[in-house]
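Q: Below are the structure tokens for one structure; questions will follow.
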Amino acid sequence: MAETMQFNLVSPERSLMSGPVLSVEIPGAEGDLTALPNHAPTLTTLRPGILRVETEKGAEEYIVTGGFAELGEGVTVLAEKAMHRTDVDQATYEALVDEAHQAYGKAKEVFKNEPGPVDDAVKLLHDMVAIGGKIGLSTKQPSL
Amino acid sequence: MPSLKDLKNRIESVKSTRKITKAMQMVAAAKLRRAQDSAEAARPYAERFNEVLGQLAASVAGSDSAPRLLRGTGSDDVHLLVVMTAERGLCGGFNANIAKLAKQHATDLLAKGKTVKIITVGKKGRDSMRRDFGKLFIEHVDMSEVKRVGYADAQGIAKNVLSRFDEGEFDVATIFYSEFVNVVAQTPMAQQIIPAKFDTAEDEGDSAATVYEYEPSEEAILADLLPRGVATQIFAALLENGASEQGARMSAMDNATRNAGEMIDKLTIEFNRSRQAVITNELIEIISGAEAL
């Protein structure tokens with residue numbers, strides 16, 4: 001039997017998953033990473049993406065939109081918004097993209113001369129759009 | 001002395017009051033369970049979040065690079081009070097207690113010569129604060145449409161507060177809410193959210209044990225997390241408030257139901273006595289009439 005580690009996925013409203021897992025693929029802000037048991041203690045923020053959890057019974061996928069992950073003795077993912085992949089339909093996805101799109105519009109207005117926050121918003125929007133392609137929904141192209 | 005008919009009417013009216021309070025009590029009991037469940041469900045997130053944030057904060061504390069949300073603006077002249085109460089009354093001292101604490105706080109600050117700004121969440125708090133501090137109100141967040149408090153609501157309030165902080169409208173923010181102890185006890189609380197405060201004494205033991213790698217840098221993570229921390233704290237407070245409100249309403253309505261019951265008993269005795277008095281009177285009249293013949 002392969003080595004497992006404790007994994008917790010919690011959102012502000014509830015705990016979505018808790019149990020032993022084999023590995024977790026985390027969409028980190030600086031790039032995806034896969035956490036196996038005994039990973040070095042790491043703290044990373046998340047970008048919108050797909051969190052893939054490999055358990056002994058099979059893989060589970062969750063859509064996360066932000067938050068952070070703590071890798072220590074186990075893995076704890078604190079996601080701002082987290083949904084099981086099967087719960088995300090076209091409408092939910094489009095709502096998420098719209099939200100990111102609005103955030104982008106707002107950032108563009110507020111920070112006219114500072115590219116930093118605007119770039120962040122663009123990145124967020126692109127990440128959000130990319131999720132759609134990955135989970136087999138028709139992607140909603142934003143107008144930039 | 002009231003007539004028999006009056007008494008009868010009063011008994012009827014108290015009975016229907018009791019029916020209403022009884023129903024409200026049962027509704028509150030059902031809602032309390034739901035509110036407690038969601039407060040419970042939110043706890044792991046808040047705990048973990050504060051733990052990590054506490055560790056991070058401890059490691060950058062004191063340095064100049066610390067974000068403003070942690071460090072503060074360097075002064076404490078302008079205070080923002082976020083007073084969170086219920087949208088509805090009939091819940092005992094719940095709203096009044098929160099408002100009282102907030103008023104106390106505001107009076108103290110004003111006495112020290114500080115500027116106070118107030119944001120109210122929930123109608124009842126606004127109503128009771130308006131008399132004395134109406135001029136200090138800067139915004140009211142209406143929650144009457146919200147059936148069940150979600151994280152998005154907390155995020156909305158947090159965004160509002162944070163954007164005001166970024167504009168330099170205030171230096172210190174404090175939230176007022178009621179902590180749910182149990183059904184009969186709710187403690188009004190004041191909690192400072194900006195600059196963020198952590199129980200550093202507690203974390204020190206753990207943080208020494210694990211040294212984390214940070215991705216991106218420590219400061220970047222902290223800057224990302226602090227605004228979320230504000231939302232998390234507000235969310236936790238809203239949930240506590242929700243549970244407290246229902247708890248307070250439940251015990252207030254329980255009392256009201258009991259009082260109505262006592263009232264009915266008393267009125268019934270009075271009613272029976274007067275009826276008996278009427279009968280006795282009639283008998284005396286008949287007997288004395290018969291004797292006179």
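Convention: chains lettered A, B, ... in structure tokens order; per-chain residue numbering from 1; ligands numbered from 1 as shown.
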If you count only C-alpha atoms, which residues fall within 10 Å of Arg148 of chain B, apart from same-chain ones fewer than 3 positions away, as a PyMOL selection string?

A: chain B and resi 34-35+38+143+145+151+153+239+242

Q: Can you spit out the residues from that selection as a CSV table (one decimal), in the first residue's frame, using C-alpha atoms?

A:
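Once everything was written out, this is out_7.csv:
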```csv
chain,number,residue,atom,x,y,z
B,34,ARG,CA,-28.9,25.8,11.2
B,35,ALA,CA,-27.0,28.9,12.3
B,38,SER,CA,-22.9,26.9,9.7
B,143,MET,CA,-28.9,42.6,5.3
B,145,GLU,CA,-32.6,40.5,1.9
B,151,TYR,CA,-19.1,34.3,2.6
B,153,ASP,CA,-21.7,38.9,2.2
B,239,LEU,CA,-22.1,33.7,11.8
B,242,GLY,CA,-26.6,34.8,13.5
```

Q: What are the closest atom pairs, with distances in Å to one decimal, for all residues of chain B lying within 9 Å of chain A? Consider only C-alpha atoms, order rows by chain and residue number, and present the result as JSON lines.

A:
```
{"residue": "B:Ser38", "atom": "CA", "partner": "A:Glu13", "partner_atom": "CA", "distance": 7.0}
{"residue": "B:Ala39", "atom": "CA", "partner": "A:Glu13", "partner_atom": "CA", "distance": 8.3}
{"residue": "B:Glu40", "atom": "CA", "partner": "A:Arg14", "partner_atom": "CA", "distance": 8.4}
{"residue": "B:Ala41", "atom": "CA", "partner": "A:Arg14", "partner_atom": "CA", "distance": 4.7}
{"residue": "B:Ala42", "atom": "CA", "partner": "A:Glu13", "partner_atom": "CA", "distance": 4.9}
{"residue": "B:Arg43", "atom": "CA", "partner": "A:Pro12", "partner_atom": "CA", "distance": 8.1}
{"residue": "B:Pro44", "atom": "CA", "partner": "A:Val10", "partner_atom": "CA", "distance": 7.3}
{"residue": "B:Tyr45", "atom": "CA", "partner": "A:Pro12", "partner_atom": "CA", "distance": 5.5}
{"residue": "B:Ala46", "atom": "CA", "partner": "A:Pro12", "partner_atom": "CA", "distance": 7.1}
{"residue": "B:Arg48", "atom": "CA", "partner": "A:Leu78", "partner_atom": "CA", "distance": 8.1}
{"residue": "B:Phe49", "atom": "CA", "partner": "A:Leu78", "partner_atom": "CA", "distance": 7.5}
{"residue": "B:Val52", "atom": "CA", "partner": "A:Glu70", "partner_atom": "CA", "distance": 8.4}
{"residue": "B:Gly150", "atom": "CA", "partner": "A:Glu13", "partner_atom": "CA", "distance": 7.2}
{"residue": "B:Tyr151", "atom": "CA", "partner": "A:Pro12", "partner_atom": "CA", "distance": 6.5}
{"residue": "B:Thr210", "atom": "CA", "partner": "A:Pro41", "partner_atom": "CA", "distance": 7.0}
{"residue": "B:Val211", "atom": "CA", "partner": "A:Pro41", "partner_atom": "CA", "distance": 6.8}
{"residue": "B:Tyr212", "atom": "CA", "partner": "A:Pro41", "partner_atom": "CA", "distance": 4.8}
{"residue": "B:Glu213", "atom": "CA", "partner": "A:Thr42", "partner_atom": "CA", "distance": 4.4}
{"residue": "B:Tyr214", "atom": "CA", "partner": "A:Leu43", "partner_atom": "CA", "distance": 5.0}
{"residue": "B:Glu215", "atom": "CA", "partner": "A:Thr44", "partner_atom": "CA", "distance": 4.7}
{"residue": "B:Pro216", "atom": "CA", "partner": "A:Thr44", "partner_atom": "CA", "distance": 6.6}
{"residue": "B:Ser217", "atom": "CA", "partner": "A:Thr44", "partner_atom": "CA", "distance": 8.8}
{"residue": "B:Glu218", "atom": "CA", "partner": "A:Leu43", "partner_atom": "CA", "distance": 8.8}
{"residue": "B:Ile221", "atom": "CA", "partner": "A:Thr45", "partner_atom": "CA", "distance": 6.5}
{"residue": "B:Asp224", "atom": "CA", "partner": "A:Thr45", "partner_atom": "CA", "distance": 8.0}
{"residue": "B:Leu225", "atom": "CA", "partner": "A:Gly67", "partner_atom": "CA", "distance": 7.8}
{"residue": "B:Arg228", "atom": "CA", "partner": "A:Gly67", "partner_atom": "CA", "distance": 8.4}
{"residue": "B:Thr232", "atom": "CA", "partner": "A:Pro12", "partner_atom": "CA", "distance": 7.2}
{"residue": "B:Phe235", "atom": "CA", "partner": "A:Pro12", "partner_atom": "CA", "distance": 8.1}
{"residue": "B:Ala236", "atom": "CA", "partner": "A:Pro12", "partner_atom": "CA", "distance": 8.9}
```

Q: Rounded to one decimal place, report the atom CA of Val110 of chain A-atom CA of Gly168 of chain B distance in Å.

A: 15.4 Å

Q: Quick one: everything within 10 Å of Arg52 of chain A, counting only C-alpha atoms, minus sequence neighbours fewer than 5 positions away in the same chain. Send it as a VMD selection string.

A: chain A and resid 23 to 27 34 59 to 63 85

Q: Give me, as number ranges by chain, the residues of segment 55-271 of chain B that a backbone DSSP run labels strand (DSSP E or B).

A: B: 78-84, 115-121, 137-141, 172-180, 186-194, 213-215

Q: As a PyMOL selection string, please: all residues of segment 13-142 of chain B that backbone DSSP puts in alpha helix (DSSP H).

A: chain B and resi 13-60+68-71+94-111+123-133
